[in-house]
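A.B. asks: structure31.cif is reproduced in full below (mmCIF, C-alpha atoms).
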```cif
data_protein
loop_
_atom_site.label_atom_id
_atom_site.label_comp_id
_atom_site.auth_asym_id
_atom_site.auth_seq_id
_atom_site.Cartn_x
_atom_site.Cartn_y
_atom_site.Cartn_z
CA MET A 12 2.40 -3.12 10.20
CA ASP A 13 3.19 -2.77 6.52
CA THR A 14 3.42 0.68 4.96
CA MET A 15 1.23 2.24 2.29
CA ARG A 16 3.97 1.68 -0.25
CA ASP A 17 4.25 -1.98 0.78
CA ARG A 18 0.64 -2.34 -0.34
CA PHE A 19 1.13 -0.53 -3.64
CA ALA A 20 2.80 -3.17 -5.83
CA PRO A 21 0.71 -6.15 -4.65
CA VAL A 22 -2.55 -4.23 -5.09
CA VAL A 23 -1.65 -2.96 -8.56
CA THR A 24 -0.39 -6.41 -9.60
CA ARG A 25 -3.80 -7.83 -8.71
CA LEU A 26 -5.44 -5.03 -10.68
CA LEU A 27 -3.33 -5.97 -13.72
CA ASP A 28 -4.88 -9.41 -13.42
CA GLU A 29 -8.40 -8.05 -13.06
CA ASP A 30 -8.45 -5.38 -15.76
CA PRO A 31 -6.67 -5.64 -19.16
CA ARG A 32 -6.73 -1.81 -19.45
CA ILE A 33 -4.34 -1.34 -16.53
CA ALA A 34 -0.70 -0.56 -17.30
CA VAL A 35 2.19 0.36 -14.99
CA VAL A 36 4.95 2.85 -15.81
CA LEU A 37 8.03 3.10 -13.57
CA ALA A 38 11.31 5.02 -13.59
CA GLU A 39 13.61 2.59 -11.72
CA ILE A 40 12.15 3.43 -8.31
CA GLY A 41 9.83 0.65 -7.14
CA VAL A 42 10.87 -1.81 -9.85
CA ASP A 43 11.66 -4.64 -7.41
CA GLY A 44 8.07 -4.77 -6.23
CA PHE A 45 6.87 -5.53 -9.74
CA SER A 46 9.23 -8.39 -10.65
CA GLU A 47 6.34 -10.86 -10.98
CA ALA A 48 4.27 -8.34 -12.93
CA PHE A 49 7.15 -7.74 -15.38
CA ARG A 50 7.22 -11.45 -16.05
CA ARG A 51 3.48 -11.92 -16.39
CA PHE A 52 2.55 -8.68 -18.15
CA PRO A 53 5.60 -7.61 -20.20
CA ASP A 54 3.46 -5.53 -22.56
CA ARG A 55 1.76 -3.60 -19.76
CA VAL A 56 4.56 -3.03 -17.20
CA VAL A 57 7.27 -0.66 -18.40
CA ASN A 58 10.42 0.73 -16.77
CA VAL A 59 11.64 3.81 -18.65
CA GLY A 60 14.79 4.23 -16.57
CA ILE A 61 15.76 7.45 -14.82
CA ARG A 62 13.78 9.59 -17.26
CA GLU A 63 10.93 11.23 -15.38
CA GLN A 64 9.67 13.38 -18.25
CA LEU A 65 9.46 10.23 -20.38
CA LEU A 66 7.71 8.51 -17.47
CA VAL A 67 4.73 10.84 -17.75
CA GLY A 68 4.91 11.17 -21.52
CA ALA A 69 4.84 7.39 -21.99
CA ALA A 70 1.88 7.14 -19.63
CA ALA A 71 0.02 9.78 -21.65
CA GLY A 72 0.72 7.84 -24.84
CA MET A 73 -0.68 4.69 -23.26
CA ALA A 74 -3.77 6.60 -22.15
CA LEU A 75 -4.30 7.81 -25.72
CA THR A 76 -4.50 4.15 -26.81
CA GLY A 77 -7.21 3.43 -24.21
CA LEU A 78 -5.08 2.05 -21.39
CA ARG A 79 -5.33 3.18 -17.76
CA PRO A 80 -1.70 3.89 -16.70
CA VAL A 81 -0.54 3.80 -13.09
CA VAL A 82 2.63 5.87 -12.76
CA HIS A 83 4.96 5.66 -9.74
CA THR A 84 8.07 7.31 -8.33
CA PHE A 85 9.01 9.75 -5.57
CA ALA A 86 6.83 12.86 -5.48
CA SER A 87 9.66 15.21 -6.43
CA PHE A 88 10.26 13.16 -9.60
CA LEU A 89 6.57 12.57 -10.34
CA VAL A 90 5.01 16.02 -9.95
CA GLU A 91 7.82 18.57 -9.85
CA ARG A 92 10.45 17.42 -12.35
CA PRO A 93 8.02 16.44 -15.17
CA PHE A 94 5.45 19.12 -14.42
CA GLU A 95 5.36 20.30 -18.03
CA GLN A 96 4.46 16.78 -19.15
CA VAL A 97 1.80 16.51 -16.44
CA LYS A 98 0.34 19.82 -17.65
CA LEU A 99 0.53 19.16 -21.39
CA ASP A 100 0.80 15.42 -22.11
CA LEU A 101 -2.01 14.58 -19.69
CA GLY A 102 -4.00 17.77 -19.12
CA HIS A 103 -3.78 19.47 -22.51
CA GLN A 104 -4.36 16.22 -24.39
CA GLY A 105 -7.36 15.41 -22.21
CA VAL A 106 -6.22 12.00 -21.02
CA GLY A 107 -6.01 10.57 -17.52
CA ALA A 108 -3.61 8.56 -15.41
CA VAL A 109 -3.11 7.56 -11.80
CA LEU A 110 0.04 9.17 -10.39
CA VAL A 111 1.17 7.42 -7.20
CA SER A 112 3.95 9.07 -5.21
CA ALA A 113 6.17 8.17 -2.29
CA ALA A 114 8.47 10.15 0.04
CA ALA A 115 6.63 13.48 -0.46
CA SER A 116 7.22 16.09 2.24
CA PHE A 117 9.96 14.56 4.41
CA ASP A 118 9.38 10.80 4.51
CA TRP A 119 13.01 10.08 3.66
CA PRO A 120 15.05 12.79 5.38
CA ALA A 121 18.37 11.11 4.53
CA GLY A 122 17.57 11.54 0.85
CA GLY A 123 17.87 15.29 1.21
CA TYR A 124 15.85 18.10 -0.31
CA THR A 125 16.02 16.57 -3.80
CA HIS A 126 13.73 13.82 -2.49
CA MET A 127 11.23 16.10 -0.77
CA ALA A 128 8.17 17.69 -2.38
CA PRO A 129 5.99 19.48 0.18
CA GLY A 130 4.57 21.64 -2.62
CA ASP A 131 3.23 18.79 -4.74
CA VAL A 132 -0.49 19.25 -4.00
CA ALA A 133 -0.22 23.03 -4.30
CA LEU A 134 1.47 22.60 -7.67
CA LEU A 135 -1.30 20.32 -8.95
CA ASP A 136 -3.77 22.96 -7.75
CA THR A 137 -2.58 25.15 -10.62
CA LEU A 138 -4.05 22.61 -13.07
CA ASP A 139 -7.65 21.74 -13.82
CA GLY A 140 -9.52 18.59 -12.96
CA TRP A 141 -7.19 16.65 -10.67
CA THR A 142 -8.48 14.38 -7.92
CA VAL A 143 -6.05 14.11 -4.98
CA HIS A 144 -6.12 11.30 -2.41
CA VAL A 145 -4.02 11.46 0.78
CA PRO A 146 -4.56 8.21 2.70
CA GLY A 147 -3.63 8.00 6.36
CA HIS A 148 -3.31 4.22 6.71
CA PRO A 149 -2.27 1.30 4.45
CA ASP A 150 -5.87 -0.01 4.34
CA GLU A 151 -7.05 3.42 3.17
CA ALA A 152 -4.26 3.50 0.60
CA GLU A 153 -5.43 0.20 -0.84
CA ALA A 154 -9.05 1.37 -0.98
CA LEU A 155 -8.13 4.69 -2.58
CA LEU A 156 -5.78 3.05 -5.10
CA ARG A 157 -8.62 0.84 -6.26
CA HIS A 158 -10.95 3.83 -6.37
CA ALA A 159 -8.41 5.83 -8.40
CA VAL A 160 -7.73 3.09 -10.92
CA GLY A 161 -11.45 2.55 -11.39
CA ALA A 162 -12.19 6.25 -11.87
CA GLY A 163 -12.78 6.09 -15.63
CA ASP A 164 -10.19 8.23 -17.39
CA ASP A 165 -9.80 10.80 -14.62
CA LYS A 166 -6.52 12.42 -13.61
CA VAL A 167 -5.80 11.19 -10.08
CA TYR A 168 -2.90 11.74 -7.69
CA VAL A 169 -2.44 9.31 -4.77
CA ARG A 170 0.04 10.55 -2.15
CA LEU A 171 1.49 7.63 -0.16
CA SER A 172 3.44 8.08 3.06
CA VAL A 173 5.43 6.00 5.53
CA GLN A 174 3.64 7.98 8.25
CA SER A 175 0.39 6.37 9.32
CA ASN A 176 -2.46 6.55 11.80
CA ALA A 177 -2.93 3.57 14.12
CA GLN A 178 -6.34 2.62 12.74
CA ALA A 179 -7.93 2.85 9.31
CA VAL A 180 -11.13 4.77 8.65
CA ALA A 181 -13.66 3.72 6.04
CA VAL A 182 -13.07 6.02 3.07
CA ASP A 183 -15.10 6.49 -0.11
CA GLY A 184 -12.80 8.61 -2.24
CA GLU A 185 -15.07 11.64 -1.94
CA ARG A 186 -16.19 12.91 1.47
CA PHE A 187 -14.63 14.13 4.70
CA ARG A 188 -15.52 12.08 7.77
CA THR A 189 -16.57 13.58 11.12
CA VAL A 190 -14.53 11.89 13.86
CA ARG A 191 -15.21 14.27 16.76
CA GLU A 192 -17.86 16.92 17.36
CA GLY A 193 -17.50 20.21 19.22
CA ARG A 194 -18.88 23.74 19.39
CA SER A 195 -15.89 26.06 19.19
CA GLY A 196 -14.22 25.53 15.85
CA VAL A 197 -13.51 23.00 13.11
CA VAL A 198 -10.18 21.26 12.57
CA VAL A 199 -9.63 19.44 9.28
CA ALA A 200 -6.98 16.72 9.68
CA VAL A 201 -5.54 15.40 6.43
CA GLY A 202 -4.33 11.83 5.95
CA PRO A 203 -1.57 10.61 8.28
CA LEU A 204 -1.96 13.59 10.62
CA LEU A 205 -5.29 12.45 12.08
CA ASP A 206 -3.89 10.73 15.18
CA THR A 207 -1.64 13.69 15.95
CA VAL A 208 -4.54 16.12 15.57
CA LEU A 209 -6.78 14.02 17.83
CA GLU A 210 -4.07 13.98 20.48
CA ALA A 211 -3.47 17.70 20.09
CA THR A 212 -7.16 18.60 20.44
CA GLU A 213 -7.99 16.24 23.30
CA GLY A 214 -10.17 18.19 25.74
CA LEU A 215 -10.79 21.05 23.30
CA ASP A 216 -14.40 21.62 22.27
CA VAL A 217 -13.75 21.42 18.52
CA THR A 218 -15.10 19.34 15.65
CA VAL A 219 -12.50 17.24 13.85
CA LEU A 220 -13.05 16.32 10.22
CA TYR A 221 -10.89 13.69 8.57
CA ALA A 222 -9.91 14.26 4.94
CA THR A 223 -8.32 11.62 2.71
CA THR A 224 -9.63 13.06 -0.55
CA VAL A 225 -8.66 16.73 -0.61
CA ARG A 226 -9.44 17.51 -4.25
CA PRO A 227 -12.23 18.00 -4.96
CA PHE A 228 -12.47 19.73 -1.57
CA ASP A 229 -15.55 18.64 0.39
CA ALA A 230 -17.05 22.11 0.84
CA ALA A 231 -20.42 20.68 1.90
CA ALA A 232 -18.92 18.79 4.84
CA LEU A 233 -17.04 21.85 6.03
CA ARG A 234 -20.16 24.02 5.81
CA ARG A 235 -22.21 21.47 7.77
CA ALA A 236 -19.57 21.30 10.48
CA THR A 237 -19.44 25.08 10.88
CA GLU A 238 -23.21 25.26 11.42
CA THR A 239 -22.79 23.81 14.90
CA ALA A 240 -19.08 24.32 15.64
CA GLY A 241 -18.71 27.91 14.44
CA SER A 242 -16.69 29.25 11.55
CA ASP A 243 -13.16 29.20 12.96
CA VAL A 244 -11.43 26.64 10.72
CA VAL A 245 -7.97 25.09 11.10
CA LEU A 246 -6.51 23.03 8.26
CA VAL A 247 -3.73 20.61 9.26
CA GLU A 248 -2.08 19.25 6.12
CA PRO A 249 1.03 17.04 5.70
CA TYR A 250 2.25 19.20 2.81
CA LEU A 251 2.78 22.93 2.22
CA ALA A 252 1.02 25.03 4.86
CA GLY A 253 -1.96 26.90 3.44
CA THR A 254 -2.46 24.64 0.43
CA SER A 255 -6.21 24.34 1.08
CA THR A 256 -6.96 27.72 2.65
CA ALA A 257 -8.37 29.08 -0.63
CA ALA A 258 -10.68 26.07 -0.94
CA ALA A 259 -11.90 26.56 2.65
CA ASN A 260 -12.40 30.27 2.07
CA ASP A 261 -14.42 29.54 -1.07
CA ALA A 262 -16.56 27.03 0.84
CA LEU A 263 -17.45 29.69 3.42
CA ALA A 264 -17.46 32.74 1.14
CA ASP A 265 -20.95 33.84 2.15
CA VAL A 266 -20.41 33.70 5.94
CA PRO A 267 -17.96 35.48 8.26
CA HIS A 268 -15.12 33.06 9.02
CA ARG A 269 -11.45 32.68 9.89
CA VAL A 270 -9.07 30.09 8.45
CA LEU A 271 -5.66 28.98 9.72
CA GLY A 272 -3.51 26.78 7.50
CA LEU A 273 -0.94 24.57 9.26
CA GLY A 274 1.49 22.32 7.44
CA VAL A 275 5.04 22.14 6.13
CA GLY A 276 6.72 25.55 6.16
CA ARG A 277 8.46 27.16 3.20
CA ARG A 278 11.80 27.36 4.99
CA GLU A 279 14.15 24.61 3.85
CA LEU A 280 15.58 22.50 6.67
CA ARG A 281 19.18 21.73 5.79
CA ARG A 282 19.87 19.30 8.65
CA TYR A 283 17.82 16.34 7.61
CA GLY A 284 17.59 14.35 10.84
CA ARG A 285 14.51 12.17 11.44
CA ILE A 286 10.86 12.37 10.43
CA ASP A 287 9.76 13.33 13.94
CA GLU A 288 12.34 16.12 14.04
CA HIS A 289 11.01 17.52 10.77
CA ALA A 290 7.45 17.31 12.08
CA ALA A 291 8.39 19.24 15.21
CA ALA A 292 10.38 21.83 13.23
CA HIS A 293 7.34 22.49 11.05
CA GLY A 294 4.97 22.64 14.03
CA LEU A 295 3.22 19.38 13.13
CA ASP A 296 3.86 17.49 16.36
CA SER A 297 1.00 17.25 18.86
CA ARG A 298 2.42 19.82 21.31
CA SER A 299 2.94 22.45 18.63
CA LEU A 300 -0.44 21.78 17.05
CA ARG A 301 -2.19 22.15 20.39
CA GLU A 302 -0.54 25.52 20.91
CA SER A 303 -1.42 26.72 17.41
CA ILE A 304 -4.99 25.44 17.41
CA GLY A 305 -5.65 26.52 21.00
CA ALA A 306 -4.38 30.01 20.37
CA PHE A 307 -6.44 30.35 17.18
CA VAL A 308 -9.73 29.37 18.78
CA ALA A 309 -8.93 31.06 22.11
CA GLY A 310 -12.05 32.46 23.75
CA SER A 311 -14.28 29.83 22.13
CA ALA A 312 -12.49 26.52 22.67
CA VAL A 313 -13.03 25.31 26.25
CA PRO A 314 -12.39 22.02 27.99
CA VAL A 315 -15.21 19.55 27.41
CA GLY A 316 -17.56 19.50 30.41
CA ALA A 317 -16.55 22.94 31.63
#
```
Can you give me the file's structure in the form of structure tokens?

C.D. replies:
Amino acid sequence: MDTMRDRFAPVVTRLLDEDPRIAVVLAEIGVDGFSEAFRRFPDRVVNVGIREQLLVGAAAGMALTGLRPVVHTFASFLVERPFEQVKLDLGHQGVGAVLVSAAASFDWPAGGYTHMAPGDVALLDTLDGWTVHVPGHPDEAEALLRHAVGAGDDKVYVRLSVQSNAQAVAVDGERFRTVREGRSGVVVAVGPLLDTVLEATEGLDVTVLYATTVRPFDAAALRRATETAGSDVVLVEPYLAGTSTAAANDALADVPHRVLGLGVGRRELRRYGRIDEHAAAHGLDSRSLRESIGAFVAGSAVPVGA
């Protein structure tokens, strides 16, 4: 199966054909995938070189002229390194763009910590008005890319990953989906962690919500789920642990509740290893998740049919 990033260049190249407002801004990374687009759309496909601040600044300038820029590189170079430009050139100037990242938390362990950005979504949370999509399958990535590009002049972040669920879910760029119903707690699985969460909660009487659009946070879906499943909530996110706990707390502010945020820990792992080793070290493998979720809802989560 192809990866989310494999889909990125072909999808955006087709969008260049379909919409004369679309432009692409790159900083060396991902250039090979746009060789045809460079030839066909030389005025709308730009490689700024290894200059990530310029990457975002150039995109903002394009947006000021009425174009819809799609900006791509690794998450650490897209959100963290040019954060001032994301804050000012886009946000302060009131223009939008579609930022599309790769690698993110630990998708390329051999690249080292310079190529990891588990805090990317939390960092964007400090800014106003960002939509954040976290697809869990290449088909979802394609759908959410199209949704993001077509979202007027909004500021949108699409977080691609080499990690993927086995099957795609129909996504609309807005709402959480209910994939399992229970009575003893709610587990929100984000993007590529859905399959692992479903395996981890097999036999537990919990509701599982699937989130591929995490900002805006679907407070209504979480509230509905807690009406029947109770107000113990576990968030399982493929980025910094606790990133969405404030959003969940706000959603349930008027009812007694508990929230547990699971995700990538703050401790830096200096032996880079493999993706699965990172997942286990951060407690994001199915065994660790079952222990964490089971312990949190202990006394209310029981085997189905008991």

A.B. asks: Write out as a list in words the residues lying within 9 Å of A:Arg79, counting only C-alpha atoms and excluding same-chain residues fewer than 5 positions away.

C.D. replies: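 Selected residues are Arg32, Ile33, Ala34, Val35, Ala70, Met73, Ala74, Gly107, Ala108, Val109, Val160, Gly161, Gly163 and Asp164 of chain A.
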
A.B. asks: On this file, the PyMOL selection byres ((chain A and resi 254) around 9) gives some set of residues; write that set as a PyMOL selection string.

C.D. replies: chain A and resi 130+132-133+136+246+248+250-253+255-258+272-274

A.B. asks: Run through the PyMOL selection byres ((chain A and resi 179) around 6) on the given coordinates and return the selected residues as a JSON list (two decimals) with C-alpha atoms, in the frame of the given file.

C.D. replies:
```json
[["chain", "number", "residue", "atom", "x", "y", "z"],
["A", 148, "HIS", "CA", -3.31, 4.22, 6.71],
["A", 178, "GLN", "CA", -6.34, 2.62, 12.74],
["A", 180, "VAL", "CA", -11.13, 4.77, 8.65]]
```

A.B. asks: Could you check which of A:Val22, A:Ala200, A:Ala152, A:Val208 is closest to A:Ala222, using only C-alpha atoms?

C.D. replies: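 Closest to A:Ala222 of all the choices is A:Ala200.
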
A.B. asks: Step by step, work through what the PyMOL selection byres ((chain A and resi 66) around 9) selects in the shown file, and finish by giving those residues as a ChimeraX atom specification.

C.D. replies: /A:36-38,58-65,67-71,82-83,89,93

A.B. asks: Now that the selection is made, can you save its residues with C-alpha atoms as an mmCIF file, keeping the file's coordinate frame?

C.D. replies:
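Once everything was written out, this is again21.cif:
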```cif
data_model
loop_
_atom_site.group_PDB
_atom_site.id
_atom_site.type_symbol
_atom_site.label_atom_id
_atom_site.label_comp_id
_atom_site.auth_asym_id
_atom_site.auth_seq_id
_atom_site.Cartn_x
_atom_site.Cartn_y
_atom_site.Cartn_z
ATOM 1 C CA VAL A 36 4.950 2.850 -15.810
ATOM 2 C CA LEU A 37 8.030 3.100 -13.570
ATOM 3 C CA ALA A 38 11.310 5.020 -13.590
ATOM 4 C CA ASN A 58 10.420 0.730 -16.770
ATOM 5 C CA VAL A 59 11.640 3.810 -18.650
ATOM 6 C CA GLY A 60 14.790 4.230 -16.570
ATOM 7 C CA ILE A 61 15.760 7.450 -14.820
ATOM 8 C CA ARG A 62 13.780 9.590 -17.260
ATOM 9 C CA GLU A 63 10.930 11.230 -15.380
ATOM 10 C CA GLN A 64 9.670 13.380 -18.250
ATOM 11 C CA LEU A 65 9.460 10.230 -20.380
ATOM 12 C CA VAL A 67 4.730 10.840 -17.750
ATOM 13 C CA GLY A 68 4.910 11.170 -21.520
ATOM 14 C CA ALA A 69 4.840 7.390 -21.990
ATOM 15 C CA ALA A 70 1.880 7.140 -19.630
ATOM 16 C CA ALA A 71 0.020 9.780 -21.650
ATOM 17 C CA VAL A 82 2.630 5.870 -12.760
ATOM 18 C CA HIS A 83 4.960 5.660 -9.740
ATOM 19 C CA LEU A 89 6.570 12.570 -10.340
ATOM 20 C CA PRO A 93 8.020 16.440 -15.170
#
```
